[in-house]
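Participant: Got a structure for you, query16.cif, holding mmCIF, C-alpha atoms.
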```cif
data_protein
#
loop_
_atom_site.label_atom_id
_atom_site.label_comp_id
_atom_site.auth_asym_id
_atom_site.auth_seq_id
_atom_site.Cartn_x
_atom_site.Cartn_y
_atom_site.Cartn_z
CA MET A 275 104.57 122.89 138.63
CA HIS A 276 101.20 123.86 140.05
CA VAL A 277 98.20 123.03 137.90
CA TYR A 278 95.17 125.30 137.94
CA PRO A 279 92.42 123.48 139.91
CA PHE A 280 89.67 121.92 137.84
CA SER A 281 87.01 123.01 140.33
CA ALA A 282 88.10 126.64 140.08
CA VAL A 283 87.31 126.99 136.37
CA VAL A 284 84.36 129.31 135.80
CA GLY A 285 81.83 128.36 133.13
CA SER A 286 82.47 125.66 130.49
CA ASP A 287 79.99 123.34 132.17
CA ASP A 288 79.57 121.18 129.06
CA LEU A 289 83.33 120.68 128.75
CA ALA A 290 83.66 119.85 132.43
CA LEU A 291 80.87 117.27 132.13
CA ALA A 292 82.33 115.68 128.98
CA LEU A 293 85.79 115.33 130.53
CA THR A 294 84.29 113.93 133.72
CA LEU A 295 82.22 111.33 131.88
CA CYS A 296 85.32 110.16 130.01
CA ALA A 297 87.10 109.89 133.34
CA VAL A 298 84.23 107.75 134.66
CA SER A 299 84.16 105.55 131.54
CA PRO A 300 87.35 105.69 129.43
CA ASP A 301 85.66 103.40 126.87
CA ILE A 302 83.68 106.42 125.63
CA GLY A 303 86.66 107.36 123.49
CA GLY A 304 87.73 110.84 124.55
CA VAL A 305 86.69 114.40 123.85
CA LEU A 306 87.25 116.90 121.04
CA VAL A 307 87.13 120.48 122.31
CA ARG A 308 86.35 123.12 119.69
CA GLY A 309 86.48 126.78 120.54
CA GLU A 310 88.04 130.15 120.06
CA LYS A 311 91.39 131.03 121.54
CA GLY A 312 91.64 131.91 125.20
CA THR A 313 88.72 129.80 126.47
CA ALA A 314 90.68 127.61 128.96
CA LYS A 315 90.57 124.51 126.77
CA SER A 316 94.10 123.35 127.60
CA THR A 317 93.77 124.48 131.21
CA MET A 318 90.78 122.25 131.85
CA VAL A 319 92.30 119.22 130.15
CA ARG A 320 95.49 119.43 132.20
CA ALA A 321 93.57 120.13 135.40
CA GLN A 322 91.19 117.21 134.95
CA ALA A 323 94.02 114.69 134.57
CA ALA A 324 95.03 115.34 138.18
CA LEU A 325 91.62 114.05 139.36
CA LEU A 326 91.88 110.63 137.72
CA PRO A 327 92.19 107.61 140.03
CA GLN A 328 95.59 106.02 140.45
CA VAL A 329 96.81 103.35 138.05
CA ASP A 330 98.23 100.04 139.32
CA GLU A 331 101.02 98.68 137.13
CA VAL A 332 103.55 95.86 137.25
CA GLU A 333 106.79 96.93 138.89
CA GLY A 334 109.41 97.62 136.22
CA CYS A 335 107.06 97.22 133.21
CA ARG A 336 107.52 99.99 130.67
CA PHE A 337 104.07 99.37 129.18
CA ALA A 338 101.95 99.86 132.33
CA CYS A 339 100.59 96.31 132.51
CA ASN A 340 97.87 95.75 135.09
CA PRO A 341 99.24 93.37 137.77
CA HIS A 342 95.79 91.78 138.12
CA SER A 343 95.50 91.03 134.38
CA PRO A 344 98.86 91.59 132.63
CA ASP A 345 99.09 91.64 128.85
CA PRO A 346 100.29 88.18 127.72
CA SER A 347 102.00 89.73 124.69
CA CYS A 348 103.74 92.54 126.59
CA PRO A 349 107.29 93.10 125.26
CA ASP A 350 108.54 93.19 128.88
CA GLY A 351 106.62 90.02 129.76
CA PRO A 352 105.41 87.48 130.33
CA HIS A 353 104.69 88.65 133.85
CA PRO A 354 104.12 86.11 136.66
CA ALA A 355 100.70 85.80 138.20
CA ASP A 356 102.02 87.16 141.51
CA ALA A 357 103.86 90.10 139.94
CA THR A 358 104.55 93.00 142.28
CA GLY A 359 102.42 96.03 141.55
CA ARG A 360 102.76 99.70 142.38
CA GLY A 361 100.41 102.63 142.18
CA ARG A 362 101.09 105.88 140.41
CA PRO A 363 99.02 108.88 139.28
CA ALA A 364 97.27 108.62 135.94
CA ARG A 365 99.51 109.91 133.20
CA LEU A 366 98.73 112.80 130.86
CA VAL A 367 100.89 112.52 127.74
CA GLU A 368 100.97 115.52 125.42
CA LEU A 369 101.54 114.88 121.72
CA PRO A 370 103.18 117.92 120.10
CA VAL A 371 102.03 118.92 116.64
CA GLY A 372 105.60 118.66 115.35
CA ALA A 373 106.37 115.24 116.84
CA THR A 374 108.13 112.69 114.66
CA GLU A 375 106.77 109.24 113.87
CA ASP A 376 109.60 107.54 115.78
CA ARG A 377 108.78 109.52 118.92
CA VAL A 378 105.10 108.63 118.71
CA THR A 379 105.33 104.90 118.09
CA GLY A 380 108.81 104.21 119.48
CA SER A 381 111.98 103.13 117.75
CA LEU A 382 115.34 101.43 118.17
CA HIS A 383 117.20 102.26 121.38
CA LEU A 384 120.04 104.20 119.78
CA GLN A 385 122.45 104.21 122.73
CA LYS A 386 122.36 100.44 123.22
CA ALA A 387 122.58 99.87 119.48
CA LEU A 388 125.77 101.93 119.26
CA SER A 389 127.42 100.76 122.49
CA ALA A 390 126.43 97.09 122.70
CA GLY A 391 125.34 96.44 119.15
CA THR A 392 121.94 95.11 120.28
CA ALA A 393 118.55 95.96 118.82
CA GLU A 394 116.24 96.96 121.64
CA TYR A 395 112.91 98.74 121.37
CA GLU A 396 112.41 102.07 123.12
CA PRO A 397 108.74 102.85 123.83
CA GLY A 398 107.16 105.98 122.38
CA LEU A 399 104.39 108.32 123.43
CA LEU A 400 101.63 105.81 122.66
CA ALA A 401 103.14 103.37 125.15
CA LEU A 402 103.40 106.10 127.78
CA ALA A 403 99.74 107.04 127.25
CA HIS A 404 98.50 103.47 127.79
CA ARG A 405 95.79 103.47 130.51
CA GLY A 406 96.04 107.26 130.63
CA VAL A 407 95.20 110.35 128.58
CA LEU A 408 96.76 111.32 125.26
CA TYR A 409 96.34 115.06 124.77
CA VAL A 410 96.81 116.69 121.37
CA ASP A 411 96.70 120.48 121.35
CA GLU A 412 95.79 121.99 117.97
CA VAL A 413 94.85 118.53 116.76
CA ASN A 414 93.57 119.93 113.46
CA LEU A 415 97.16 120.96 112.59
CA LEU A 416 98.58 117.46 113.15
CA HIS A 417 100.44 115.97 110.19
CA ASP A 418 98.56 113.41 108.15
CA HIS A 419 100.98 110.56 108.83
CA LEU A 420 100.60 111.11 112.60
CA VAL A 421 96.83 111.17 112.18
CA ASP A 422 97.04 107.76 110.50
CA LEU A 423 99.03 106.41 113.46
CA LEU A 424 96.46 107.69 115.93
CA LEU A 425 93.61 106.23 113.89
CA ASP A 426 95.25 102.82 113.82
CA ALA A 427 96.06 102.82 117.55
CA ALA A 428 92.64 104.14 118.56
CA ALA A 429 90.86 101.52 116.44
CA MET A 430 92.93 98.49 117.46
CA GLY A 431 93.96 99.47 120.99
CA ARG A 432 97.48 98.37 120.12
CA CYS A 433 100.58 99.87 118.54
CA THR A 434 102.66 97.88 116.05
CA VAL A 435 106.22 98.90 115.14
CA GLU A 436 108.11 97.35 112.22
CA ARG A 437 111.39 99.11 111.52
CA ASP A 438 115.17 98.91 111.96
CA GLY A 439 115.12 95.21 112.72
CA VAL A 440 112.54 95.70 115.49
CA SER A 441 109.13 94.02 115.46
CA VAL A 442 107.07 94.97 118.51
CA THR A 443 103.38 95.05 119.36
CA HIS A 444 102.08 96.47 122.64
CA ALA A 445 98.79 97.64 124.15
CA ALA A 446 97.89 101.30 123.62
CA ARG A 447 94.47 102.04 125.09
CA PHE A 448 94.11 105.67 126.02
CA VAL A 449 91.57 108.46 126.27
CA LEU A 450 92.13 110.74 123.29
CA VAL A 451 91.57 114.42 124.08
CA GLY A 452 92.10 117.07 121.44
CA THR A 453 91.63 120.82 121.33
CA MET A 454 91.33 122.95 118.24
CA ASN A 455 90.36 126.35 116.94
CA PRO A 456 87.93 125.93 114.00
CA GLU A 457 89.27 129.14 112.48
CA GLU A 458 92.50 127.27 111.65
CA GLY A 459 90.86 124.42 109.74
CA GLU A 460 88.78 121.32 110.27
CA LEU A 461 89.64 117.70 111.05
CA ARG A 462 89.59 114.76 108.69
CA PRO A 463 86.26 112.91 109.06
CA GLN A 464 88.04 109.66 109.99
CA LEU A 465 89.81 111.26 112.94
CA LEU A 466 86.76 113.30 113.91
CA ASP A 467 84.73 110.11 114.31
CA ARG A 468 87.35 108.62 116.68
CA PHE A 469 86.54 111.20 119.32
CA GLY A 470 83.71 109.90 121.46
CA LEU A 471 82.33 113.30 122.46
CA THR A 472 82.63 116.85 121.19
CA VAL A 473 82.09 120.17 122.95
CA GLU A 474 81.86 123.72 121.63
CA VAL A 475 83.26 126.30 124.06
CA ALA A 476 83.15 130.08 123.94
CA ALA A 477 84.08 132.91 126.26
CA PRO A 478 81.19 134.10 128.45
CA ARG A 479 79.59 137.45 127.66
CA ASP A 480 78.44 138.22 131.19
CA PRO A 481 80.77 140.95 132.56
CA ARG A 482 80.51 139.63 136.13
CA GLN A 483 81.47 136.13 135.06
CA ARG A 484 84.39 137.43 133.02
CA ALA A 485 85.56 139.49 135.99
CA GLU A 486 85.45 136.41 138.21
CA ILE A 487 87.57 134.48 135.71
CA VAL A 488 90.21 137.22 135.70
CA ARG A 489 90.10 137.52 139.49
CA ARG A 490 90.76 133.83 140.04
CA ARG A 491 93.47 133.66 137.42
CA LEU A 492 95.33 136.63 138.90
CA ALA A 493 95.09 135.06 142.34
CA PHE A 494 96.54 131.80 141.01
CA ASP A 495 99.40 133.52 139.17
CA SER A 496 100.35 135.61 142.21
CA ASP A 497 100.35 132.73 144.74
CA PRO A 498 99.78 129.27 143.20
CA GLU A 499 100.30 127.34 146.44
CA THR A 500 97.73 129.30 148.44
CA PHE A 501 95.20 129.27 145.63
CA THR A 502 95.61 125.53 145.09
CA ALA A 503 95.25 124.87 148.83
CA GLN A 504 91.98 126.79 148.90
CA TRP A 505 90.50 124.43 146.30
CA ALA A 506 92.05 121.23 147.66
CA GLY A 507 88.85 120.19 149.41
CA ALA A 508 86.70 120.61 146.31
CA GLU A 509 89.26 118.75 144.22
CA ALA A 510 89.36 115.83 146.67
CA THR A 511 85.56 115.62 146.73
CA LEU A 512 85.38 115.61 142.94
CA SER A 513 88.08 112.94 142.68
CA GLU A 514 86.24 110.71 145.16
CA ARG A 515 83.00 111.14 143.24
CA ILE A 516 84.71 110.08 139.99
CA ALA A 517 86.13 107.00 141.70
CA GLY A 518 82.70 106.16 143.14
CA ALA A 519 81.03 106.55 139.73
CA ARG A 520 83.61 104.19 138.23
CA ASP A 521 82.73 101.55 140.81
CA ARG A 522 79.00 102.09 140.19
CA LEU A 523 79.37 101.92 136.40
CA ARG A 524 79.15 98.13 136.13
CA HIS A 525 75.88 98.07 138.08
CA VAL A 526 73.97 100.56 135.90
CA ARG A 527 71.19 98.93 133.86
CA LEU A 528 70.62 99.84 130.24
CA THR A 529 67.15 98.54 129.41
CA ASP A 530 65.91 97.47 125.98
CA ALA A 531 63.58 100.48 125.92
CA SER A 532 66.55 102.80 126.41
CA LEU A 533 68.48 101.04 123.65
CA VAL A 534 65.56 101.47 121.26
CA ALA A 535 65.31 105.17 122.18
CA ILE A 536 69.03 105.62 121.49
CA ALA A 537 68.70 103.88 118.13
CA GLU A 538 65.72 106.05 117.16
CA VAL A 539 67.63 109.23 118.02
CA CYS A 540 70.74 108.21 116.06
CA ALA A 541 68.67 107.17 113.05
CA ALA A 542 66.67 110.40 113.09
CA PHE A 543 69.82 112.53 113.04
CA ASP A 544 71.18 110.54 110.08
CA VAL A 545 74.57 109.65 111.53
CA ASP A 546 77.03 107.40 109.69
CA GLY A 547 77.82 103.94 110.99
CA MET A 548 77.08 102.42 114.37
CA ARG A 549 79.76 104.12 116.46
CA ALA A 550 77.31 106.90 117.37
CA ASP A 551 74.89 104.38 118.90
CA LEU A 552 77.66 102.70 120.88
CA VAL A 553 79.14 105.95 122.18
CA THR A 554 75.72 107.34 123.09
CA ALA A 555 74.88 104.20 125.05
CA LYS A 556 78.21 104.22 126.92
CA THR A 557 77.87 107.93 127.68
CA ALA A 558 74.31 107.50 128.98
CA VAL A 559 75.47 104.73 131.31
CA ALA A 560 78.37 106.87 132.53
CA HIS A 561 76.06 109.83 133.16
CA ALA A 562 73.68 107.63 135.15
CA ALA A 563 76.59 106.40 137.26
CA TRP A 564 77.81 109.98 137.73
CA ALA A 565 74.32 111.04 138.86
CA GLY A 566 74.11 108.13 141.30
CA ARG A 567 71.37 106.22 139.47
CA ASP A 568 71.29 102.48 138.85
CA GLU A 569 69.31 102.69 135.59
CA VAL A 570 69.58 104.86 132.48
CA THR A 571 66.80 107.44 132.17
CA ARG A 572 65.58 109.84 129.51
CA ASP A 573 67.77 112.64 130.88
CA ASP A 574 70.87 110.45 130.57
CA ILE A 575 70.10 109.72 126.92
CA ALA A 576 69.45 113.39 126.18
CA VAL A 577 72.77 114.47 127.70
CA ALA A 578 74.62 111.70 125.88
CA ALA A 579 73.08 112.56 122.51
CA LYS A 580 74.01 116.24 122.81
CA LEU A 581 77.65 115.29 123.39
CA ALA A 582 78.04 112.30 121.05
CA LEU A 583 76.06 113.21 117.91
CA PRO A 584 76.80 116.79 116.77
CA HIS A 585 80.12 115.94 115.08
CA ARG A 586 78.75 112.75 113.51
CA ARG A 587 75.59 113.98 111.87
CA ARG A 588 75.63 114.86 108.20
CA ARG A 589 75.76 118.60 107.56
CA ASN A 590 75.75 120.77 104.50
CA PRO A 591 78.86 122.94 103.99
CA PHE A 592 77.26 126.08 105.43
CA ASP A 593 75.28 124.47 108.25
CA SER A 594 76.22 125.55 111.75
CA PRO A 595 77.55 122.91 114.15
CA GLY A 596 75.37 121.49 116.87
CA MET A 597 72.06 119.69 116.71
CA ASP A 598 68.35 120.34 116.72
CA GLU A 599 67.40 120.06 120.38
CA GLU A 600 63.72 120.46 119.60
CA LEU A 601 63.82 117.34 117.44
CA LEU A 602 65.70 115.53 120.20
CA ASP A 603 63.00 116.44 122.71
CA GLU A 604 60.32 115.23 120.31
CA LEU A 605 62.06 111.91 119.78
CA LEU A 606 62.61 111.28 123.48
CA GLY A 607 59.28 112.67 124.57
CA ASP A 608 58.55 115.00 127.43
CA PRO A 609 60.03 114.21 130.86
CA GLU A 610 57.78 112.07 132.98
CA PRO A 611 55.61 114.40 135.08
CA GLU A 612 55.15 113.95 138.77
CA GLN A 613 52.11 112.00 139.85
CA PRO A 614 49.19 114.47 140.25
CA GLU A 615 47.13 114.68 143.36
CA PRO A 616 43.78 112.80 143.31
CA ASP A 617 40.85 114.91 142.11
CA ASP A 618 37.15 114.55 141.55
CA ASP A 619 37.51 113.34 137.98
CA PRO A 620 36.43 109.68 137.99
CA ASP A 621 38.35 109.02 134.78
CA GLY A 622 41.57 110.15 136.37
CA GLY A 623 42.26 112.75 133.72
CA GLY A 624 44.12 111.86 130.60
CA ALA A 625 46.72 112.97 128.15
CA PRO A 626 45.74 116.23 126.45
CA GLU A 627 44.78 115.96 122.83
CA PRO A 628 47.08 117.70 120.35
CA SER A 629 45.81 121.00 119.09
CA ASP A 630 44.29 121.22 115.63
CA GLY A 631 46.71 123.96 114.71
CA ALA A 632 49.72 121.69 114.65
CA THR A 633 52.57 122.89 112.50
CA THR A 634 55.84 121.44 111.28
CA ASP A 635 59.13 122.72 110.01
CA SER A 636 57.91 122.23 106.44
CA GLY A 637 54.84 124.44 106.76
CA VAL A 638 52.91 126.76 109.05
CA GLY A 639 49.18 126.62 109.55
CA GLU A 640 48.63 123.55 107.37
CA SER A 641 45.25 121.91 107.62
CA PRO A 642 45.52 119.02 110.07
CA THR A 643 44.43 115.53 109.34
CA THR A 644 43.51 112.86 111.88
CA VAL A 645 44.96 109.35 111.81
CA ASP A 646 42.93 106.78 113.72
CA THR A 647 45.00 104.32 115.71
CA PRO A 648 44.23 100.66 116.45
CA THR A 649 42.78 99.64 119.77
CA GLU A 650 46.10 98.05 120.85
CA PRO A 651 47.96 100.53 123.08
CA TYR A 652 51.00 102.19 121.57
CA ARG A 653 53.72 104.13 123.35
CA THR A 654 55.97 105.42 120.56
CA ARG A 655 54.52 106.54 117.27
CA VAL A 656 57.16 107.45 114.72
CA PHE A 657 56.14 109.06 111.46
CA THR A 658 58.26 109.90 108.45
CA ALA A 659 57.79 112.34 105.65
CA GLU A 660 59.13 111.91 102.15
CA ARG A 661 60.38 114.89 100.25
CA THR A 662 61.88 115.14 96.80
CA GLY A 663 64.33 117.56 95.31
CA ARG A 664 67.12 117.93 92.79
CA GLY A 665 70.75 117.39 93.65
CA ALA A 666 73.83 119.13 92.31
CA ALA A 667 73.80 116.97 89.15
CA GLY A 668 70.15 117.74 88.45
CA ARG A 669 68.97 114.30 89.49
CA ARG A 670 65.87 113.89 91.57
CA SER A 671 66.57 112.63 95.07
CA ARG A 672 64.33 111.45 97.84
CA ALA A 673 65.00 111.69 101.56
CA ARG A 674 63.07 110.45 104.54
CA THR A 675 62.88 112.68 107.58
CA THR A 676 61.64 111.55 110.97
CA ILE A 677 59.16 114.07 112.28
CA GLY A 678 57.25 111.95 114.74
CA ARG A 679 57.32 112.27 118.48
CA THR A 680 56.77 110.07 121.48
CA VAL A 681 53.24 110.26 122.81
CA GLY A 682 50.96 108.18 124.98
CA GLU A 683 53.38 107.31 127.76
CA ARG A 684 50.57 105.67 129.69
CA ARG A 685 49.28 102.35 128.55
CA GLY A 686 45.77 102.69 127.17
CA ASP A 687 46.26 106.09 125.51
CA THR A 688 44.92 105.31 122.04
CA GLY A 689 43.48 108.65 121.04
CA PRO A 690 43.76 110.09 117.52
CA ILE A 691 47.00 111.67 116.31
CA HIS A 692 46.76 115.00 114.48
CA LEU A 693 49.17 115.48 111.59
CA PRO A 694 49.52 117.99 108.75
CA ALA A 695 47.78 116.92 105.57
CA THR A 696 51.08 116.58 103.72
CA ILE A 697 52.42 114.00 106.17
CA ARG A 698 51.79 110.31 105.63
CA ALA A 699 51.97 107.91 108.57
CA THR A 700 54.25 104.98 107.81
CA ALA A 701 55.06 103.13 111.03
CA LEU A 702 53.78 102.47 114.52
CA THR A 703 55.92 100.94 117.26
CA PRO A 704 53.89 98.96 119.83
CA CYS A 705 54.51 99.01 123.57
CA ALA A 706 56.94 96.50 125.03
#
```
Would you mind writing the file's structure down as structure tokens?

Facilitator:
Amino acid sequence: MHVYPFSAVVGSDDLALALTLCAVSPDIGGVLVRGEKGTAKSTMVRAQAALLPQVDEVEGCRFACNPHSPDPSCPDGPHPADATGRGRPARLVELPVGATEDRVTGSLHLQKALSAGTAEYEPGLLALAHRGVLYVDEVNLLHDHLVDLLLDAAAMGRCTVERDGVSVTHAARFVLVGTMNPEEGELRPQLLDRFGLTVEVAAPRDPRQRAEIVRRRLAFDSDPETFTAQWAGAEATLSERIAGARDRLRHVRLTDASLVAIAEVCAAFDVDGMRADLVTAKTAVAHAAWAGRDEVTRDDIAVAAKLALPHRRRRNPFDSPGMDEELLDELLGDPEPEQPEPDDDPDGGGAPEPSDGATTDSGVGESPTTVDTPTEPYRTRVFTAERTGRGAAGRRSRARTTIGRTVGERRGDTGPIHLPATIRATALTPCA
């Protein structure tokens, strides 16, 4: 069967980037694709699997053990140190919504049990997906007992089977990719958190772009071989770039300042647990490797946060998905400007003072107040506001909201900070 080329897909840039970053760093944890029907969700997932680098496995091992570091507890092992290896394309395993538990985890080999009377384990879909991609279409319609199996395997990286006189444990590390239509229902929060990244896709509204999509699809349906050959060069280039980014991944530096920035962003968006911080850090490193950089920058953190946090932040029932990009920009600060040309100003210029008409989301045109800062230089100044209200049970509740922003990127910028009168400064973070 001919697969529609990944490079030929029009639009869906965020989805293409999320899938590519998971291909560069499988430790990110996969992608959840949310969108309306007919937006090429399944097409892109199947097309991207063909770009993954080859997998080396031990010859004859049913559990895809790496010949360079075989699993010591492999059911087909133990493998010798000089085991013969072979290369094969990365495997895309599709998990049907109606699959049975035995097919997912594996079960007793029925033919050998009936003919020879021996109990032998037959691997399931989780074993096939090891070191590959496990794709679940309409993941929100998956049965609860299968969701529990995926949660256990995704958390432990192993699959354990105890049934019919068979006791087997094998490695099951895979990139989990799911697609869903929100109109058909939502996911359980536990499964939603297991997806490293999430992307919202929608059909384009530009008539020219929609016409180009139809034109390419008709060309592929009429002559798949010719159409695929036309995009072979772009596919090969993209595959080589993914392989190069994988090799560069281990050399990318994640500085302490970048870690602190990631932690501030995750805390400001009120996400549960620490998985958001870990996934954001891994995604930022993968994006830096994909961009050819050897150190994580502000842009890498911004891209990672937009992909890793929307489905983890706390939302009210009627809140729209996504995240406040303005708050993200405030937390990360403005991009570093290019060095200006020398001028006649002996002081070398300086950071502009905030305007006295500063406003916040909680009020417009409030009278500003000035907070004097110490003489020690500060880079990041984070302020919080306390607000009170009444919950559903009539009890008073208090929440803290981060409304500060990063200012004074240059050491020595210790000017006053202008804040609304209702805001109380609570913390200052000194320069490293």

Participant: Name the closest residue to Val440 of chain A among the candidates A:Pro300, A:Gly470, A:Pro397, A:Gly312; distances are taken between atoms, counting all atoms listed in the file.

Facilitator: A:Pro397

Participant: Tell me, as a PyMOL selection string, which residues lie within 12 Å of Ala429 of chain A, counting only C-alpha atoms; anything in the same chain fewer than 3 positions away does not count.

Facilitator: chain A and resi 301+303+422-426+432-433+445-448+450+464-465+467-469+549

Participant: Give me the residues near Ser281 of chain A as a VMD selection string, where near means some atom within 9 Å (using all atoms listed in the file) and where sequence neighbours in that chain fewer than 2 positions away do not count.

Facilitator: chain A and resid 278 to 279 283 to 284 321 to 322 505 508 to 509 512

Participant: How would you write, as a PyMOL selection string, the residues chosen by the PyMOL selection byres ((chain A and resi 576) around 10) on this structure?

Facilitator: chain A and resi 536+539+554+558+571-575+577-581+599+602-603+605-606

Participant: Nearest to Ala519 of chain A among A:Pro354, A:Pro327, A:Pro498, A:Gly547, with distances taken over all atoms listed in the file: which residue is it?

Facilitator: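 Using all atoms listed in the file, the shortest distance to Ala519 of chain A belongs to A:Pro327.
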
Participant: Hey, can you check how far atom CA of Ser532 of chain A sits from atom CA of Ser299 of chain A?

Facilitator: 18.5 Å

Participant: Please report the interatomic distance between atom CA of Leu461 of chain A and atom CA of Ser381 of chain A in Å with one decimal.

Facilitator: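 Answer for the atom CA of Leu461 of chain A to atom CA of Ser381 of chain A separation: 27.5 Å.
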
Participant: Please list as a PyMOL selection string every residue within 6 Å of Val451 of chain A, counting all atoms listed in the file and excluding residues in the same chain fewer than 6 positions away.

Facilitator: chain A and resi 304-306+409

Participant: Please identify every residue of segment 328-430 of chain A that has at least one atom no farther than 12 Å from an atom of segment 289-298 of chain A, counting all atoms listed in the file, and for each give the shortest atom pair and the distance in Å to one decimal, arranged by chain then increasing number, as CSV.

Facilitator:
```
residue,atom,partner,partner_atom,distance
A:Gln328,CA,A:Ala297,CA,11.7
A:Ala364,CA,A:Ala297,CA,10.6
A:Arg405,CA,A:Ala297,CA,11.2
A:Gly406,CA,A:Ala297,CA,9.7
A:Val407,CA,A:Ala297,CA,9.4
```

Participant: For the atom pair atom CA of Thr557 of chain A and atom CA of Thr472 of chain A, what is the interatomic distance in Å to one decimal place?

Facilitator: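 Rounded to one decimal, the two atoms are 12.0 Å apart.
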
Participant: Counting only C-alpha atoms, figure out which residue out of A:Ile302, A:Glu368, A:Asp288, A:Phe494 gets nearest to Val553 of chain A.

Facilitator: A:Ile302

Participant: Which residue gives the smallest distance to Asp530 of chain A among A:Asp546, A:Asp495, A:Asp345, A:Glu569, with all atoms listed in the file counted?

Facilitator: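 Among the listed residues, the smallest separation from Asp530 of chain A belongs to A:Glu569.
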
Participant: For Val367 of chain A, which residue out of A:Val449, A:Ala338, A:Val488, A:Ala531 is the nearest one, using only C-alpha atoms?

Facilitator: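 For Val367 of chain A, the nearest of the candidates is A:Val449.
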
Participant: For a quick check of understanding, using all atoms listed in the file, which of A:Gln504, A:Ser343, A:Thr379, A:Thr317 has the smallest distance to Arg437 of chain A?

Facilitator: A:Thr379

Participant: I want to know what sits within 9 Å of Leu533 of chain A, based on all atoms listed in the file, with residues of the same chain fewer than 4 positions away left out; could you give that as an mmCIF file with C-alpha atoms, in the frame of the given file?

Facilitator:
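File written: around.cif
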```cif
data_model
loop_
_atom_site.group_PDB
_atom_site.id
_atom_site.type_symbol
_atom_site.label_atom_id
_atom_site.label_comp_id
_atom_site.auth_asym_id
_atom_site.auth_seq_id
_atom_site.Cartn_x
_atom_site.Cartn_y
_atom_site.Cartn_z
ATOM 1 C CA LEU A 528 70.620 99.840 130.240
ATOM 2 C CA THR A 529 67.150 98.540 129.410
ATOM 3 C CA ALA A 537 68.700 103.880 118.130
ATOM 4 C CA GLU A 538 65.720 106.050 117.160
ATOM 5 C CA ASP A 551 74.890 104.380 118.900
ATOM 6 C CA ALA A 555 74.880 104.200 125.050
#
```

Participant: Can you spell out as an NGL selection string the set of residues that the PyMOL selection byres ((chain A and resi 456) around 9) selects in the structure I just provided?

Facilitator: :A and (308-310 or 414 or 454-455 or 457-461)

Participant: Selection from above, C-alpha atoms, as a PDB file, keeping the file's coordinate frame, can you write it?

Facilitator:
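Dumped to result-v4.pdb:
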```
ATOM      1  CA  ARG A 308      86.350 123.120 119.690  1.00  0.00           C
ATOM      2  CA  GLY A 309      86.480 126.780 120.540  1.00  0.00           C
ATOM      3  CA  GLU A 310      88.040 130.150 120.060  1.00  0.00           C
ATOM      4  CA  ASN A 414      93.570 119.930 113.460  1.00  0.00           C
ATOM      5  CA  MET A 454      91.330 122.950 118.240  1.00  0.00           C
ATOM      6  CA  ASN A 455      90.360 126.350 116.940  1.00  0.00           C
ATOM      7  CA  GLU A 457      89.270 129.140 112.480  1.00  0.00           C
ATOM      8  CA  GLU A 458      92.500 127.270 111.650  1.00  0.00           C
ATOM      9  CA  GLY A 459      90.860 124.420 109.740  1.00  0.00           C
ATOM     10  CA  GLU A 460      88.780 121.320 110.270  1.00  0.00           C
ATOM     11  CA  LEU A 461      89.640 117.700 111.050  1.00  0.00           C
TER      12      LEU A 461
END
```
